[in-house]
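For reference, my_file-v7.pdb is printed below; it contains PDB, C-alpha atoms, pLDDT in the B column.
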```
ATOM      1  CA  GLN A   1      20.687  -9.350  -4.586  1.00 76.00           C
ATOM      2  CA  VAL A   2      17.999 -11.039  -2.528  1.00 80.00           C
ATOM      3  CA  GLN A   3      16.082  -8.982   0.019  1.00 92.00           C
ATOM      4  CA  LEU A   4      14.501 -10.609   3.078  1.00 96.00           C
ATOM      5  CA  VAL A   5      11.390  -9.770   5.109  1.00 96.00           C
ATOM      6  CA  GLU A   6      10.570 -11.669   8.311  1.00 97.00           C
ATOM      7  CA  SER A   7       7.096 -12.003   9.787  1.00 98.00           C
ATOM      8  CA  GLY A   8       5.167 -14.077  12.283  1.00 98.00           C
ATOM      9  CA  GLY A   9       6.631 -12.880  15.551  1.00 98.00           C
ATOM     10  CA  GLY A  10       4.526 -11.920  18.542  1.00 98.00           C
ATOM     11  CA  LEU A  11       3.735 -12.503  22.185  1.00 98.00           C
ATOM     12  CA  VAL A  12       3.037 -16.070  23.307  1.00 98.00           C
ATOM     13  CA  GLN A  13       2.838 -17.891  26.617  1.00 98.00           C
ATOM     14  CA  ALA A  14       5.433 -20.455  27.590  1.00 98.00           C
ATOM     15  CA  GLY A  15       4.636 -23.776  25.965  1.00 98.00           C
ATOM     16  CA  GLY A  16       3.016 -22.108  22.989  1.00 98.00           C
ATOM     17  CA  SER A  17       3.976 -22.091  19.326  1.00 98.00           C
ATOM     18  CA  LEU A  18       4.770 -19.590  16.606  1.00 98.00           C
ATOM     19  CA  ARG A  19       5.736 -19.928  12.966  1.00 98.00           C
ATOM     20  CA  LEU A  20       8.113 -17.387  11.534  1.00 98.00           C
ATOM     21  CA  SER A  21       8.334 -16.720   7.815  1.00 98.00           C
ATOM     22  CA  CYS A  22      11.085 -15.093   5.806  1.00 97.00           C
ATOM     23  CA  ALA A  23      10.096 -14.025   2.317  1.00 97.00           C
ATOM     24  CA  ALA A  24      12.815 -13.375  -0.232  1.00 95.00           C
ATOM     25  CA  SER A  25      12.383 -11.012  -3.143  1.00 91.00           C
ATOM     26  CA  ALA A  26      14.623 -12.566  -5.762  1.00 74.00           C
ATOM     27  CA  LEU A  27      14.296 -15.264  -8.373  1.00 69.00           C
ATOM     28  CA  ALA A  28      17.661 -16.652  -7.214  1.00 86.00           C
ATOM     29  CA  PHE A  29      16.302 -17.659  -3.783  1.00 89.00           C
ATOM     30  CA  SER A  30      16.896 -21.352  -4.416  1.00 89.00           C
ATOM     31  CA  TRP A  31      20.637 -20.657  -4.780  1.00 90.00           C
ATOM     32  CA  TYR A  32      20.929 -19.413  -1.196  1.00 93.00           C
ATOM     33  CA  LYS A  33      21.469 -21.379   1.969  1.00 96.00           C
ATOM     34  CA  MET A  34      19.268 -19.810   4.636  1.00 97.00           C
ATOM     35  CA  GLY A  35      19.671 -19.377   8.373  1.00 98.00           C
ATOM     36  CA  TRP A  36      17.702 -18.176  11.380  1.00 98.00           C
ATOM     37  CA  PHE A  37      19.511 -16.310  14.111  1.00 98.00           C
ATOM     38  CA  ARG A  38      18.294 -14.482  17.200  1.00 98.00           C
ATOM     39  CA  GLU A  39      19.426 -11.553  19.276  1.00 98.00           C
ATOM     40  CA  ALA A  40      18.330 -11.108  22.877  1.00 96.00           C
ATOM     41  CA  PRO A  41      18.802  -7.779  24.697  1.00 92.00           C
ATOM     42  CA  GLY A  42      22.436  -7.302  25.654  1.00 94.00           C
ATOM     43  CA  LYS A  43      23.561 -10.439  23.828  1.00 96.00           C
ATOM     44  CA  GLU A  44      25.220 -11.155  20.527  1.00 97.00           C
ATOM     45  CA  ARG A  45      23.337 -12.569  17.570  1.00 97.00           C
ATOM     46  CA  GLU A  46      23.324 -16.353  17.884  1.00 98.00           C
ATOM     47  CA  PHE A  47      22.662 -19.237  15.552  1.00 98.00           C
ATOM     48  CA  VAL A  48      19.278 -20.970  15.750  1.00 98.00           C
ATOM     49  CA  ALA A  49      18.903 -23.111  12.624  1.00 98.00           C
ATOM     50  CA  ALA A  50      19.962 -23.270   9.002  1.00 98.00           C
ATOM     51  CA  ILE A  51      18.957 -25.067   5.844  1.00 98.00           C
ATOM     52  CA  SER A  52      20.783 -26.055   2.697  1.00 97.00           C
ATOM     53  CA  ARG A  53      19.621 -25.264  -0.809  1.00 95.00           C
ATOM     54  CA  SER A  54      17.882 -28.598  -1.186  1.00 94.00           C
ATOM     55  CA  GLY A  55      16.511 -28.598   2.355  1.00 95.00           C
ATOM     56  CA  GLY A  56      18.326 -31.824   3.055  1.00 95.00           C
ATOM     57  CA  THR A  57      20.763 -30.410   5.619  1.00 97.00           C
ATOM     58  CA  THR A  58      19.270 -28.688   8.661  1.00 98.00           C
ATOM     59  CA  PRO A  59      21.515 -28.133  11.673  1.00 97.00           C
ATOM     60  CA  TYR A  60      20.067 -26.678  14.882  1.00 98.00           C
ATOM     61  CA  ALA A  61      21.399 -25.009  17.980  1.00 98.00           C
ATOM     62  CA  VAL A  62      21.396 -27.380  20.947  1.00 98.00           C
ATOM     63  CA  SER A  63      19.010 -25.088  22.813  1.00 98.00           C
ATOM     64  CA  VAL A  64      16.249 -25.440  20.195  1.00 98.00           C
ATOM     65  CA  LYS A  65      16.792 -28.928  18.797  1.00 98.00           C
ATOM     66  CA  GLY A  66      13.649 -31.003  19.070  1.00 98.00           C
ATOM     67  CA  ARG A  67      11.454 -27.912  19.510  1.00 98.00           C
ATOM     68  CA  PHE A  68      12.121 -25.850  16.362  1.00 98.00           C
ATOM     69  CA  THR A  69      11.899 -26.926  12.720  1.00 98.00           C
ATOM     70  CA  ILE A  70      13.319 -25.045   9.764  1.00 98.00           C
ATOM     71  CA  SER A  71      11.943 -25.601   6.277  1.00 98.00           C
ATOM     72  CA  ARG A  72      11.881 -23.878   2.927  1.00 97.00           C
ATOM     73  CA  ASP A  73       9.581 -23.609  -0.056  1.00 96.00           C
ATOM     74  CA  ASN A  74      11.674 -22.604  -3.059  1.00 93.00           C
ATOM     75  CA  ALA A  75       8.554 -22.142  -5.191  1.00 93.00           C
ATOM     76  CA  LYS A  76       7.356 -19.471  -2.740  1.00 94.00           C
ATOM     77  CA  ASN A  77      10.809 -17.996  -2.071  1.00 95.00           C
ATOM     78  CA  THR A  78      10.181 -18.483   1.644  1.00 96.00           C
ATOM     79  CA  VAL A  79      11.931 -20.084   4.592  1.00 97.00           C
ATOM     80  CA  TYR A  80      10.042 -20.946   7.772  1.00 98.00           C
ATOM     81  CA  LEU A  81      10.862 -21.545  11.407  1.00 98.00           C
ATOM     82  CA  GLN A  82       8.242 -23.530  13.307  1.00 98.00           C
ATOM     83  CA  MET A  83       8.772 -22.952  17.012  1.00 98.00           C
ATOM     84  CA  ASN A  84       7.039 -25.250  19.506  1.00 98.00           C
ATOM     85  CA  SER A  85       7.248 -25.583  23.282  1.00 98.00           C
ATOM     86  CA  LEU A  86       8.489 -22.031  23.541  1.00 98.00           C
ATOM     87  CA  LYS A  87      10.340 -20.933  26.655  1.00 98.00           C
ATOM     88  CA  PRO A  88      10.936 -17.456  28.111  1.00 97.00           C
ATOM     89  CA  GLU A  89      14.597 -17.800  27.168  1.00 97.00           C
ATOM     90  CA  ASP A  90      13.553 -17.940  23.506  1.00 98.00           C
ATOM     91  CA  THR A  91      12.575 -14.263  23.747  1.00 98.00           C
ATOM     92  CA  ALA A  92      14.604 -12.334  21.170  1.00 98.00           C
ATOM     93  CA  VAL A  93      14.506 -10.600  17.830  1.00 98.00           C
ATOM     94  CA  TYR A  94      14.705 -13.306  15.182  1.00 98.00           C
ATOM     95  CA  PHE A  95      16.556 -12.635  11.930  1.00 98.00           C
ATOM     96  CA  CYS A  96      16.832 -14.636   8.755  1.00 97.00           C
ATOM     97  CA  GLY A  97      19.982 -14.523   6.703  1.00 97.00           C
ATOM     98  CA  ALA A  98      21.023 -15.655   3.251  1.00 95.00           C
ATOM     99  CA  ASP A  99      24.373 -17.233   2.409  1.00 95.00           C
ATOM    100  CA  SER A 100      25.477 -17.496  -1.204  1.00 90.00           C
ATOM    101  CA  SER A 101      28.982 -18.856  -0.573  1.00 90.00           C
ATOM    102  CA  GLY A 102      30.229 -22.420  -0.778  1.00 86.00           C
ATOM    103  CA  GLY A 103      28.564 -25.574  -1.955  1.00 90.00           C
ATOM    104  CA  PRO A 104      24.822 -26.189  -1.957  1.00 89.00           C
ATOM    105  CA  GLU A 105      24.874 -28.433   1.107  1.00 91.00           C
ATOM    106  CA  VAL A 106      27.539 -26.497   3.047  1.00 92.00           C
ATOM    107  CA  VAL A 107      25.542 -24.806   5.800  1.00 95.00           C
ATOM    108  CA  ARG A 108      27.151 -22.133   7.991  1.00 95.00           C
ATOM    109  CA  LEU A 109      26.470 -21.637  11.670  1.00 96.00           C
ATOM    110  CA  THR A 110      28.069 -18.226  12.211  1.00 96.00           C
ATOM    111  CA  VAL A 111      26.868 -14.754  11.231  1.00 96.00           C
ATOM    112  CA  GLU A 112      29.878 -13.689   9.165  1.00 96.00           C
ATOM    113  CA  TRP A 113      28.951 -16.063   6.326  1.00 96.00           C
ATOM    114  CA  TYR A 114      25.539 -14.499   5.766  1.00 96.00           C
ATOM    115  CA  ASN A 115      25.668 -11.523   3.429  1.00 91.00           C
ATOM    116  CA  VAL A 116      21.988 -10.568   3.389  1.00 94.00           C
ATOM    117  CA  TRP A 117      19.759 -10.030   6.443  1.00 96.00           C
ATOM    118  CA  GLY A 118      16.158  -9.162   7.093  1.00 96.00           C
ATOM    119  CA  GLN A 119      14.993  -6.498   9.545  1.00 96.00           C
ATOM    120  CA  GLY A 120      14.019  -9.015  12.238  1.00 97.00           C
ATOM    121  CA  THR A 121      10.801  -9.960  14.006  1.00 98.00           C
ATOM    122  CA  GLN A 122      10.254  -9.821  17.759  1.00 98.00           C
ATOM    123  CA  VAL A 123       9.334 -12.985  19.644  1.00 98.00           C
ATOM    124  CA  THR A 124       8.341 -12.600  23.280  1.00 98.00           C
ATOM    125  CA  VAL A 125       7.554 -15.614  25.450  1.00 98.00           C
ATOM    126  CA  SER A 126       5.886 -14.904  28.782  1.00 97.00           C
ATOM    127  CA  SER A 127       6.205 -17.229  31.764  1.00 94.00           C
TER     128      SER A 127
END
```

For the structure just supplied, provide its representation as structure tokens.
Amino acid sequence: QVQLVESGGGLVQAGGSLRLSCAASALAFSWYKMGWFREAPGKEREFVAAISRSGGTTPYAVSVKGRFTISRDNAKNTVYLQMNSLKPEDTAVYFCGADSSGGPEVVRLTVEWYNVWGQGTQVTVSS
């Protein structure tokens, strides 16, 4: 089973950028659809972005569309989340998840479909 390790979080001022990475330790990485979710203090884990196996399908949460970009490099077993124009409300722990169910372009937007999770990386945006 794939294991996931996120990195790239940190403290940034509003308007700044960060790039998160999620490295997968499994040769079968290209078979997984991948998603980024976030969890703010006192709130439930929420969908941010996801990507299909080919990278051709990339839905985003309304709150991040136009500011965040998800991508994947199957040769490096890594999925990325480029975050631009960051806002204080983006402050959260960001998690990547892997979904092995369904077709290759069927991308899920809810946590219950993702059967593998990383440990999370903290993103803090100061105003």

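Excluding stretch 15-29 of chain A and any residue on its chain fewer than 2 positions from it, the residues at most 7 Å away by only C-alpha atoms are Gln1, Val2, Gln3, Leu4, Val5, Glu6, Ser7, Gly8, Gly9, Val12, Gln13, Trp31, Tyr32, Asn74, Asn77, Thr78, Val79, Tyr80, Leu81, Gln82, Met83, Asn84, Ser85, Leu86, Lys87 and Cys96 of chain A.
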
Which residues, named as in the file, does the PyMOL selection byres ((chain A and resi 48) around 12) pick out? Answer as a PyMOL selection string.
chain A and resi 34-39+45-47+49-51+58-70+81-83+90+92-97+108-111

Do you know which residues the PyMOL selection byres ((chain A and resi 103) around 10) returns on this file, as a PyMOL selection string?
chain A and resi 31-33+52-53+100-102+104-107

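Nearest-residue note for A:Arg72: choosing from A:Ser30, A:Asn115, A:Ser126, A:Thr121, the minimum distance belongs to A:Ser30, counting only C-alpha atoms.
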
Listed atoms of stretch 37-56 of chain A, axis-aligned box, 5 Å per side: centre and edge lengths to one decimal in Å, as lines of an AutoDock Vina configuration file?
```
center_x = 20.9
center_y = -19.6
center_z = 12.2
size_x = 18.7
size_y = 34.5
size_z = 36.8
```

Please list as an MDAnalysis selection string every residue within 10 Å of A:Glu89, counting only C-alpha atoms and excluding residues in the same chain fewer than 4 positions away.
chainID A and resid 14 40 63 124:127

Could you check which residues have any atom within 6 Å of (21.1, -12.7, 4.3), counting only C-alpha atoms with coordinates taken straight from the file, and then list them as an MDAnalysis selection string?
chainID A and resid 97:99 114:117

Atom CA of A:Pro41 to atom CA of A:Val123 measures 11.9 Å

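If you measure from each of A:Thr91, A:Glu44, A:Lys76, A:Gly56 to A:Gln122 using all atoms listed in the file, the closest one turns out to be A:Thr91.
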